[in-house]
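Okay, coords37.cif now, which holds mmCIF, C-alpha atoms:
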```cif
data_coords
loop_
_atom_site.group_PDB
_atom_site.id
_atom_site.type_symbol
_atom_site.label_atom_id
_atom_site.label_comp_id
_atom_site.auth_asym_id
_atom_site.auth_seq_id
_atom_site.Cartn_x
_atom_site.Cartn_y
_atom_site.Cartn_z
ATOM 1 C CA MET A 1 -66.489 194.746 185.759
ATOM 2 C CA GLN A 2 -62.936 194.408 187.057
ATOM 3 C CA THR A 3 -62.339 191.406 184.816
ATOM 4 C CA ILE A 4 -63.535 193.360 181.769
ATOM 5 C CA LEU A 5 -61.189 196.265 182.565
ATOM 6 C CA VAL A 6 -58.260 193.870 182.954
ATOM 7 C CA ARG A 7 -58.997 192.331 179.578
ATOM 8 C CA ILE A 8 -59.271 195.760 177.934
ATOM 9 C CA PHE A 9 -55.880 196.824 179.319
ATOM 10 C CA SER A 10 -54.390 193.497 178.216
ATOM 11 C CA ALA A 11 -55.762 194.034 174.717
ATOM 12 C CA LEU A 12 -54.251 197.539 174.587
ATOM 13 C CA ALA A 13 -50.878 196.171 175.697
ATOM 14 C CA VAL A 14 -51.014 193.497 173.015
ATOM 15 C CA MET A 15 -51.847 196.074 170.343
ATOM 16 C CA LEU A 16 -48.919 198.235 171.461
ATOM 17 C CA GLY A 17 -46.576 195.277 171.103
ATOM 18 C CA VAL A 18 -48.030 194.357 167.730
ATOM 19 C CA SER A 19 -47.629 197.911 166.415
ATOM 20 C CA MET A 20 -43.938 197.949 167.383
ATOM 21 C CA ILE A 21 -43.204 194.531 165.914
ATOM 22 C CA VAL A 22 -45.080 195.303 162.694
ATOM 23 C CA PHE A 23 -43.316 198.638 162.198
ATOM 24 C CA PHE A 24 -39.771 197.303 162.512
ATOM 25 C CA PHE A 25 -40.419 194.056 160.623
ATOM 26 C CA VAL A 26 -42.021 195.916 157.725
ATOM 27 C CA HIS A 27 -39.025 198.255 157.429
ATOM 28 C CA PHE A 28 -36.688 195.282 157.297
ATOM 29 C CA ILE A 29 -38.418 193.866 154.205
ATOM 30 C CA PRO A 30 -35.965 193.906 151.267
ATOM 31 C CA GLY A 31 -36.767 196.452 148.580
ATOM 32 C CA ASP A 32 -37.013 200.187 148.172
ATOM 33 C CA PRO A 33 -40.478 201.818 147.925
ATOM 34 C CA VAL A 34 -38.942 204.790 146.126
ATOM 35 C CA GLU A 35 -37.631 202.485 143.422
ATOM 36 C CA VAL A 36 -41.053 200.843 143.118
ATOM 37 C CA ILE A 37 -42.748 204.239 142.702
ATOM 38 C CA LEU A 38 -40.246 205.869 140.314
ATOM 39 C CA GLY A 39 -38.858 202.787 138.600
ATOM 40 C CA GLU A 40 -35.303 201.533 138.255
ATOM 41 C CA THR A 41 -34.396 204.110 135.600
ATOM 42 C CA ALA A 42 -35.131 207.164 137.780
ATOM 43 C CA ARG A 43 -32.280 209.571 138.459
ATOM 44 C CA LEU A 44 -30.541 209.488 141.808
ATOM 45 C CA SER A 45 -31.508 213.098 142.552
ATOM 46 C CA ASP A 46 -35.182 212.289 141.961
ATOM 47 C CA ARG A 47 -34.965 209.281 144.249
ATOM 48 C CA GLU A 48 -33.378 211.282 147.042
ATOM 49 C CA ALA A 49 -35.929 214.072 146.650
ATOM 50 C CA LEU A 50 -38.839 211.632 146.892
ATOM 51 C CA ARG A 51 -37.227 209.801 149.809
ATOM 52 C CA GLU A 52 -36.929 213.119 151.647
ATOM 53 C CA ALA A 53 -40.518 214.093 150.796
ATOM 54 C CA LEU A 54 -41.793 210.772 152.160
ATOM 55 C CA GLY A 55 -39.647 211.005 155.288
ATOM 56 C CA LEU A 56 -37.802 207.788 154.482
ATOM 57 C CA ASN A 57 -34.410 209.456 154.882
ATOM 58 C CA GLN A 58 -34.985 209.961 158.608
ATOM 59 C CA PRO A 59 -33.498 207.591 161.213
ATOM 60 C CA ILE A 60 -35.626 204.538 161.878
ATOM 61 C CA MET A 61 -36.320 205.550 165.478
ATOM 62 C CA THR A 62 -37.491 209.000 164.343
ATOM 63 C CA GLN A 63 -39.856 207.361 161.846
ATOM 64 C CA TRP A 64 -41.154 205.067 164.592
ATOM 65 C CA LEU A 65 -41.801 207.946 166.991
ATOM 66 C CA ASN A 66 -43.653 209.865 164.269
ATOM 67 C CA TYR A 67 -45.691 206.743 163.471
ATOM 68 C CA MET A 68 -46.594 206.124 167.113
ATOM 69 C CA SER A 69 -47.478 209.798 167.593
ATOM 70 C CA GLY A 70 -49.946 209.584 164.716
ATOM 71 C CA LEU A 71 -51.238 206.186 165.836
ATOM 72 C CA VAL A 72 -52.142 207.527 169.271
ATOM 73 C CA GLN A 73 -54.240 210.171 167.512
ATOM 74 C CA GLY A 74 -55.933 207.541 165.332
ATOM 75 C CA ASP A 75 -53.870 208.362 162.227
ATOM 76 C CA LEU A 76 -52.486 205.310 160.419
ATOM 77 C CA GLY A 77 -50.496 207.470 158.030
ATOM 78 C CA THR A 78 -50.616 208.079 154.282
ATOM 79 C CA SER A 79 -49.994 205.540 151.538
ATOM 80 C CA LEU A 80 -46.635 206.028 149.837
ATOM 81 C CA TYR A 81 -48.039 204.843 146.520
ATOM 82 C CA SER A 82 -51.498 206.434 146.218
ATOM 83 C CA ARG A 83 -50.929 209.301 148.693
ATOM 84 C CA GLN A 84 -54.337 208.580 150.226
ATOM 85 C CA PRO A 85 -54.952 208.116 153.962
ATOM 86 C CA VAL A 86 -54.422 204.507 155.011
ATOM 87 C CA THR A 87 -57.632 204.578 157.047
ATOM 88 C CA THR A 88 -59.610 205.542 153.937
ATOM 89 C CA LEU A 89 -58.102 202.728 151.874
ATOM 90 C CA ILE A 90 -58.834 200.146 154.580
ATOM 91 C CA LEU A 91 -62.421 201.324 155.064
ATOM 92 C CA GLU A 92 -62.993 201.093 151.303
ATOM 93 C CA ARG A 93 -61.975 197.411 151.345
ATOM 94 C CA LEU A 94 -63.613 196.536 154.670
ATOM 95 C CA PRO A 95 -67.131 195.763 153.306
ATOM 96 C CA ALA A 96 -65.739 193.171 150.888
ATOM 97 C CA SER A 97 -63.686 191.462 153.611
ATOM 98 C CA ALA A 98 -66.596 191.540 156.066
ATOM 99 C CA GLU A 99 -68.901 190.032 153.443
ATOM 100 C CA LEU A 100 -66.481 187.211 152.682
ATOM 101 C CA SER A 101 -65.753 186.500 156.356
ATOM 102 C CA LEU A 102 -69.432 186.343 157.324
ATOM 103 C CA ALA A 103 -70.215 184.138 154.338
ATOM 104 C CA ALA A 104 -67.338 181.786 155.222
ATOM 105 C CA MET A 105 -68.480 181.620 158.843
ATOM 106 C CA THR A 106 -72.043 180.883 157.728
ATOM 107 C CA VAL A 107 -70.795 178.046 155.535
ATOM 108 C CA ALA A 108 -68.698 176.694 158.409
ATOM 109 C CA VAL A 109 -71.526 176.744 160.965
ATOM 110 C CA ILE A 110 -74.083 175.233 158.577
ATOM 111 C CA LEU A 111 -71.755 172.351 157.685
ATOM 112 C CA SER A 112 -69.931 171.764 160.975
ATOM 113 C CA VAL A 113 -72.974 171.247 163.225
ATOM 114 C CA PRO A 114 -74.531 168.341 161.293
ATOM 115 C CA LEU A 115 -71.096 166.824 160.622
ATOM 116 C CA GLY A 116 -70.094 166.976 164.288
ATOM 117 C CA VAL A 117 -73.437 165.624 165.501
ATOM 118 C CA TRP A 118 -73.444 162.852 162.910
ATOM 119 C CA ALA A 119 -69.907 161.772 163.818
ATOM 120 C CA ALA A 120 -70.716 161.778 167.562
ATOM 121 C CA MET A 121 -73.905 159.749 167.089
ATOM 122 C CA HIS A 122 -71.997 157.114 165.085
ATOM 123 C CA LYS A 123 -68.819 156.945 167.146
ATOM 124 C CA GLY A 124 -66.410 154.259 165.962
ATOM 125 C CA LYS A 125 -68.577 153.327 162.980
ATOM 126 C CA LEU A 126 -67.994 153.779 159.254
ATOM 127 C CA TRP A 127 -69.822 157.113 159.146
ATOM 128 C CA ASP A 128 -67.678 158.445 161.980
ATOM 129 C CA MET A 129 -64.467 157.437 160.230
ATOM 130 C CA ALA A 130 -65.666 158.927 156.922
ATOM 131 C CA THR A 131 -66.611 162.197 158.604
ATOM 132 C CA SER A 132 -63.318 162.339 160.499
ATOM 133 C CA SER A 133 -61.408 161.725 157.265
ATOM 134 C CA PHE A 134 -63.278 164.603 155.644
ATOM 135 C CA MET A 135 -62.400 166.845 158.585
ATOM 136 C CA LEU A 136 -58.711 165.963 158.355
ATOM 137 C CA LEU A 137 -58.769 166.534 154.606
ATOM 138 C CA GLY A 138 -60.347 169.947 155.100
ATOM 139 C CA ILE A 139 -57.600 170.950 157.526
ATOM 140 C CA ALA A 140 -54.766 169.486 155.448
ATOM 141 C CA ILE A 141 -55.552 171.098 152.079
ATOM 142 C CA PRO A 142 -54.314 174.738 152.011
ATOM 143 C CA ASN A 143 -56.447 177.504 150.538
ATOM 144 C CA PHE A 144 -54.043 178.197 147.679
ATOM 145 C CA VAL A 145 -54.588 174.606 146.501
ATOM 146 C CA PHE A 146 -58.279 174.152 147.300
ATOM 147 C CA GLY A 147 -59.300 177.489 145.741
ATOM 148 C CA PRO A 148 -57.821 176.864 142.280
ATOM 149 C CA VAL A 149 -59.267 173.336 142.295
ATOM 150 C CA LEU A 150 -62.754 174.776 142.880
ATOM 151 C CA VAL A 151 -62.184 177.334 140.125
ATOM 152 C CA LEU A 152 -61.019 174.616 137.741
ATOM 153 C CA ILE A 153 -64.050 172.399 138.383
ATOM 154 C CA PHE A 154 -66.939 174.791 138.973
ATOM 155 C CA SER A 155 -65.834 177.801 136.915
ATOM 156 C CA LEU A 156 -63.798 176.534 133.968
ATOM 157 C CA TRP A 157 -65.268 173.054 133.476
ATOM 158 C CA LEU A 158 -68.874 173.489 134.596
ATOM 159 C CA GLY A 159 -69.189 177.265 134.189
ATOM 160 C CA TRP A 160 -71.426 177.644 137.238
ATOM 161 C CA PHE A 161 -69.555 180.444 138.997
ATOM 162 C CA PRO A 162 -67.323 183.375 137.991
ATOM 163 C CA VAL A 163 -63.589 182.782 138.020
ATOM 164 C CA SER A 164 -62.744 185.842 140.112
ATOM 165 C CA GLY A 165 -63.874 189.297 141.183
ATOM 166 C CA ARG A 166 -66.748 190.561 143.276
ATOM 167 C CA ASP A 167 -69.859 190.752 141.141
ATOM 168 C CA GLY A 168 -72.982 189.465 142.847
ATOM 169 C CA PHE A 169 -73.842 186.442 144.950
ATOM 170 C CA LEU A 170 -72.397 183.807 142.591
ATOM 171 C CA SER A 171 -68.918 185.338 142.806
ATOM 172 C CA LEU A 172 -69.066 184.943 146.609
ATOM 173 C CA VAL A 173 -69.783 181.207 146.657
ATOM 174 C CA LEU A 174 -66.361 179.749 145.802
ATOM 175 C CA PRO A 175 -64.302 182.128 147.989
ATOM 176 C CA ALA A 176 -66.657 181.507 150.931
ATOM 177 C CA ILE A 177 -66.391 177.730 150.540
ATOM 178 C CA THR A 178 -62.597 177.940 150.206
ATOM 179 C CA LEU A 179 -62.223 180.094 153.300
ATOM 180 C CA GLY A 180 -64.888 178.256 155.318
ATOM 181 C CA THR A 181 -63.722 174.690 154.666
ATOM 182 C CA VAL A 182 -60.849 174.741 157.157
ATOM 183 C CA MET A 183 -63.090 176.373 159.739
ATOM 184 C CA THR A 184 -65.754 173.725 159.083
ATOM 185 C CA ALA A 185 -63.312 170.916 159.783
ATOM 186 C CA ILE A 186 -62.025 172.534 163.000
ATOM 187 C CA LEU A 187 -65.503 173.300 164.354
ATOM 188 C CA ALA A 188 -66.831 169.860 163.477
ATOM 189 C CA ARG A 189 -63.957 168.136 165.284
ATOM 190 C CA MET A 190 -64.470 170.341 168.327
ATOM 191 C CA LEU A 191 -68.223 169.692 168.384
ATOM 192 C CA ARG A 192 -67.718 165.955 168.051
ATOM 193 C CA SER A 193 -65.286 165.892 170.977
ATOM 194 C CA SER A 194 -67.559 168.073 173.112
ATOM 195 C CA LEU A 195 -70.596 165.909 172.385
ATOM 196 C CA LEU A 196 -68.765 162.701 173.235
ATOM 197 C CA GLU A 197 -67.697 164.239 176.528
ATOM 198 C CA VAL A 198 -71.165 165.555 177.325
ATOM 199 C CA MET A 199 -72.854 162.259 176.473
ATOM 200 C CA ASN A 200 -71.201 160.669 179.520
ATOM 201 C CA GLU A 201 -72.745 163.138 181.961
ATOM 202 C CA ASP A 202 -75.349 162.060 184.509
ATOM 203 C CA TYR A 203 -78.143 164.248 183.157
ATOM 204 C CA ILE A 204 -77.778 162.621 179.733
ATOM 205 C CA ARG A 205 -78.110 159.157 181.278
ATOM 206 C CA SER A 206 -81.154 160.400 183.201
ATOM 207 C CA ALA A 207 -82.745 161.650 179.991
ATOM 208 C CA ARG A 208 -82.149 158.290 178.348
ATOM 209 C CA ALA A 209 -83.611 156.494 181.362
ATOM 210 C CA ARG A 210 -86.798 158.522 180.996
ATOM 211 C CA GLY A 211 -87.262 157.028 177.543
ATOM 212 C CA PHE A 212 -86.415 160.075 175.449
ATOM 213 C CA SER A 213 -85.461 159.337 171.858
ATOM 214 C CA PRO A 214 -81.740 159.579 170.858
ATOM 215 C CA LEU A 215 -82.455 162.617 168.682
ATOM 216 C CA ARG A 216 -84.237 164.434 171.517
ATOM 217 C CA VAL A 217 -81.413 163.633 173.924
ATOM 218 C CA MET A 218 -78.862 164.872 171.407
ATOM 219 C CA PHE A 219 -80.520 168.108 170.302
ATOM 220 C CA ARG A 220 -82.483 169.004 173.444
ATOM 221 C CA HIS A 221 -79.894 168.209 176.112
ATOM 222 C CA ALA A 222 -76.421 167.369 174.795
ATOM 223 C CA LEU A 223 -75.986 169.833 171.926
ATOM 224 C CA ARG A 224 -76.889 172.892 173.995
ATOM 225 C CA ASN A 225 -74.068 172.274 176.461
ATOM 226 C CA ALA A 226 -71.596 171.000 173.874
ATOM 227 C CA MET A 227 -71.919 174.271 171.935
ATOM 228 C CA LEU A 228 -70.253 176.297 174.723
ATOM 229 C CA PRO A 229 -66.644 175.472 173.723
ATOM 230 C CA MET A 230 -67.523 176.320 170.121
ATOM 231 C CA ILE A 231 -68.264 179.913 171.118
ATOM 232 C CA THR A 232 -64.633 180.451 172.054
ATOM 233 C CA LEU A 233 -63.452 178.666 168.942
ATOM 234 C CA LEU A 234 -65.787 180.735 166.763
ATOM 235 C CA GLY A 235 -64.264 183.895 168.176
ATOM 236 C CA LEU A 236 -60.755 182.666 167.486
ATOM 237 C CA GLN A 237 -61.669 181.580 163.974
ATOM 238 C CA LEU A 238 -63.471 184.838 163.181
ATOM 239 C CA GLY A 239 -60.270 186.737 163.840
ATOM 240 C CA GLY A 240 -58.329 184.171 161.870
ATOM 241 C CA LEU A 241 -60.649 184.522 158.885
ATOM 242 C CA LEU A 242 -59.217 187.958 158.072
ATOM 243 C CA ALA A 243 -55.687 186.595 158.211
ATOM 244 C CA GLY A 244 -56.614 183.537 156.146
ATOM 245 C CA ALA A 245 -58.460 185.726 153.667
ATOM 246 C CA VAL A 246 -55.126 187.120 152.436
ATOM 247 C CA ILE A 247 -54.555 183.978 150.376
ATOM 248 C CA THR A 248 -58.192 183.444 149.414
ATOM 249 C CA GLU A 249 -58.701 187.040 148.304
ATOM 250 C CA THR A 250 -55.534 186.856 146.220
ATOM 251 C CA VAL A 251 -56.593 183.606 144.528
ATOM 252 C CA PHE A 252 -60.063 184.940 143.661
ATOM 253 C CA ASP A 253 -59.001 188.584 143.146
ATOM 254 C CA TRP A 254 -61.461 189.576 145.868
ATOM 255 C CA PRO A 255 -61.131 193.324 146.613
ATOM 256 C CA GLY A 256 -60.774 193.045 150.386
ATOM 257 C CA ILE A 257 -58.216 193.914 153.019
ATOM 258 C CA GLY A 258 -56.282 190.695 152.366
ATOM 259 C CA ARG A 259 -55.788 191.655 148.734
ATOM 260 C CA LEU A 260 -54.884 195.181 149.816
ATOM 261 C CA THR A 261 -52.197 193.732 152.103
ATOM 262 C CA VAL A 262 -50.636 191.799 149.228
ATOM 263 C CA GLU A 263 -50.665 194.920 147.053
ATOM 264 C CA ALA A 264 -48.942 196.873 149.840
ATOM 265 C CA ILE A 265 -46.229 194.203 150.070
ATOM 266 C CA GLN A 266 -45.645 194.249 146.327
ATOM 267 C CA ARG A 267 -45.326 198.048 146.304
ATOM 268 C CA ARG A 268 -43.283 198.238 149.532
ATOM 269 C CA ASP A 269 -45.961 200.619 150.814
ATOM 270 C CA TYR A 270 -44.873 200.687 154.455
ATOM 271 C CA PRO A 271 -47.712 202.750 155.994
ATOM 272 C CA LEU A 272 -50.415 200.810 154.145
ATOM 273 C CA LEU A 273 -48.904 197.442 155.037
ATOM 274 C CA GLN A 274 -48.547 198.480 158.683
ATOM 275 C CA GLY A 275 -52.149 199.691 158.715
ATOM 276 C CA CYS A 276 -53.515 196.468 157.197
ATOM 277 C CA ILE A 277 -51.618 194.180 159.573
ATOM 278 C CA LEU A 278 -52.477 196.343 162.563
ATOM 279 C CA PHE A 279 -56.157 196.358 161.588
ATOM 280 C CA ILE A 280 -56.250 192.567 161.222
ATOM 281 C CA SER A 281 -54.488 192.191 164.571
ATOM 282 C CA ALA A 282 -56.900 194.621 166.222
ATOM 283 C CA VAL A 283 -59.900 192.682 164.937
ATOM 284 C CA TYR A 284 -58.372 189.449 166.208
ATOM 285 C CA VAL A 285 -57.674 190.877 169.669
ATOM 286 C CA VAL A 286 -61.040 192.614 170.029
ATOM 287 C CA VAL A 287 -63.012 189.563 168.880
ATOM 288 C CA ASN A 288 -61.137 187.327 171.322
ATOM 289 C CA MET A 289 -61.767 189.765 174.160
ATOM 290 C CA LEU A 290 -65.477 189.978 173.377
ATOM 291 C CA THR A 291 -65.647 186.185 173.083
ATOM 292 C CA ASP A 292 -64.193 185.759 176.562
ATOM 293 C CA ILE A 293 -66.677 188.266 177.980
ATOM 294 C CA VAL A 294 -69.654 186.601 176.260
ATOM 295 C CA TYR A 295 -68.475 183.162 177.365
ATOM 296 C CA GLN A 296 -68.372 184.325 180.973
ATOM 297 C CA GLN A 297 -71.895 185.673 180.709
ATOM 298 C CA ILE A 298 -73.174 182.389 179.280
ATOM 299 C CA ASP A 299 -71.354 180.033 181.662
ATOM 300 C CA PRO A 300 -72.025 181.001 185.313
ATOM 301 C CA ARG A 301 -69.147 178.812 186.501
ATOM 302 C CA LEU A 302 -66.644 181.181 184.912
ATOM 303 C CA ARG A 303 -68.328 184.200 186.500
ATOM 304 C CA CYS A 304 -67.962 182.595 189.904
ATOM 305 C CA ALA A 305 -64.313 181.758 189.223
ATOM 306 C CA ALA A 306 -63.630 185.343 188.110
#
```
Would you mind writing the structure in this file as structure tokens?
Amino acid sequence: MQTILVRIFSALAVMLGVSMIVFFFVHFIPGDPVEVILGETARLSDREALREALGLNQPIMTQWLNYMSGLVQGDLGTSLYSRQPVTTLILERLPASAELSLAAMTVAVILSVPLGVWAAMHKGKLWDMATSSFMLLGIAIPNFVFGPVLVLIFSLWLGWFPVSGRDGFLSLVLPAITLGTVMTAILARMLRSSLLEVMNEDYIRSARARGFSPLRVMFRHALRNAMLPMITLLGLQLGGLLAGAVITETVFDWPGIGRLTVEAIQRRDYPLLQGCILFISAVYVVVNMLTDIVYQQIDPRLRCAA
């Protein structure tokens, strides 16, 4: 219980630091939101009136104190562009981002487990080298390159999937593969390394000495223990999916929080941009905290150490 409380306080401290950094960095972004809203041809008096109405004429420290006062009360502010609450705008886009993230994670888990097991079972052989090359390729190719390539092949040439948008299951396939490919490569490499380490343990040699088949030794004994490090990595990657989805959602015009973040940057919508980044950071921190807690419950050695 004490360990859980410590992690909760650590997470709150991290979120406080993130909120401060995000606020000041966002306000240092070049560009004027008033000019974006009214246009370059607006009169100076109209610009000043809008700047005063939005509170942008106040000193930066005053704006920060007002922002933190609202944040403590659960208020992320109001969008400068749409004049809607930031919380409402984020919650409207959350289902799309959650759908894409879960689909990408599903793709990653389905592909990474057989790839990692296959590479471990054929260590040093041609299949291992081919699988490792695929993993490195998946990590090396960025989403803004891999996504358009998939669109070019499977949407424009073959016509199997929609080019962009969120309209049914088929429109989810290409974004999920794009977002899940990097995660697949990372998880597969981790699983391969964990399996190779576990295969040298005494209980694995005992299972082999009893005459168990290689597949039974792998799936019944080795894989169960090798999956433990993947739990932590899954938690880290789940938080990273929202951050990585910024590019993927932009490429496929997916109406999620990542796309909303890009729109906020383009419009210099300070409160909305702060809210999006803070939400993504909060998800990352909370998922990591829950992952640590779950990992301790699964592995008794960590509970004893704590």
>> Given the PyMOL selection byres ((chain A and resi 259-272) around 10) and the file above, list the residues it selects as a PyMOL selection string.
In response: chain A and resi 22-23+26-27+29-37+67+76-82+84-87+89-90+93+97+245-258+273-278
>> Take the PyMOL selection byres ((chain A and resi 166) around 12), run it mentally on this structure, and tell me the resulting residues as number ranges by chain.
In response: A: 93, 95-97, 99-100, 161-165, 167-176, 249, 252-256
> Can you tell me how far atom CA of Ala222 of chain A sits from atom CA of Leu187 of chain A, in Å to one decimal?
Replying inline: 16.2 Å
>> So that I can check the surroundings of segment 189-198 of chain A, please list as an NGL selection string every protein, DNA and RNA residue that reaches within 8 Å of it, counting only C-alpha atoms and ignoring chain neighbours fewer than 3 positions away.
In response: :A and (112-113 or 116-117 or 119-120 or 132 or 135 or 185-186 or 201 or 204 or 222-223 or 225-227 or 229-230)
Deliver the residues from the most recent selection as a file, using C-alpha atoms, as an mmCIF file, in the frame of the given file.
```cif
data_model
loop_
_atom_site.group_PDB
_atom_site.id
_atom_site.type_symbol
_atom_site.label_atom_id
_atom_site.label_comp_id
_atom_site.auth_asym_id
_atom_site.auth_seq_id
_atom_site.Cartn_x
_atom_site.Cartn_y
_atom_site.Cartn_z
ATOM 1 C CA SER A 112 -69.931 171.764 160.975
ATOM 2 C CA VAL A 113 -72.974 171.247 163.225
ATOM 3 C CA GLY A 116 -70.094 166.976 164.288
ATOM 4 C CA VAL A 117 -73.437 165.624 165.501
ATOM 5 C CA ALA A 119 -69.907 161.772 163.818
ATOM 6 C CA ALA A 120 -70.716 161.778 167.562
ATOM 7 C CA SER A 132 -63.318 162.339 160.499
ATOM 8 C CA MET A 135 -62.400 166.845 158.585
ATOM 9 C CA ALA A 185 -63.312 170.916 159.783
ATOM 10 C CA ILE A 186 -62.025 172.534 163.000
ATOM 11 C CA GLU A 201 -72.745 163.138 181.961
ATOM 12 C CA ILE A 204 -77.778 162.621 179.733
ATOM 13 C CA ALA A 222 -76.421 167.369 174.795
ATOM 14 C CA LEU A 223 -75.986 169.833 171.926
ATOM 15 C CA ASN A 225 -74.068 172.274 176.461
ATOM 16 C CA ALA A 226 -71.596 171.000 173.874
ATOM 17 C CA MET A 227 -71.919 174.271 171.935
ATOM 18 C CA PRO A 229 -66.644 175.472 173.723
ATOM 19 C CA MET A 230 -67.523 176.320 170.121
#
```
> So what do you get for atom CA of Arg208 of chain A versus atom CA of Thr131 of chain A, distance-wise?
Replying inline: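 Answer for the atom CA of Arg208 of chain A to atom CA of Thr131 of chain A separation: 25.4 Å.
Of the listed residues (A:Thr88, A:Ser101, A:Ser45, A:Ser19), A:Ser19 comes nearest to Leu71 of chain A; the distances count all atoms listed in the file.
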> Looking at A:Val6, A:Leu115, A:Val107, A:Val182, which one is nearest to Ile139 of chain A, with distances taken over only C-alpha atoms?
Replying inline: A:Val182
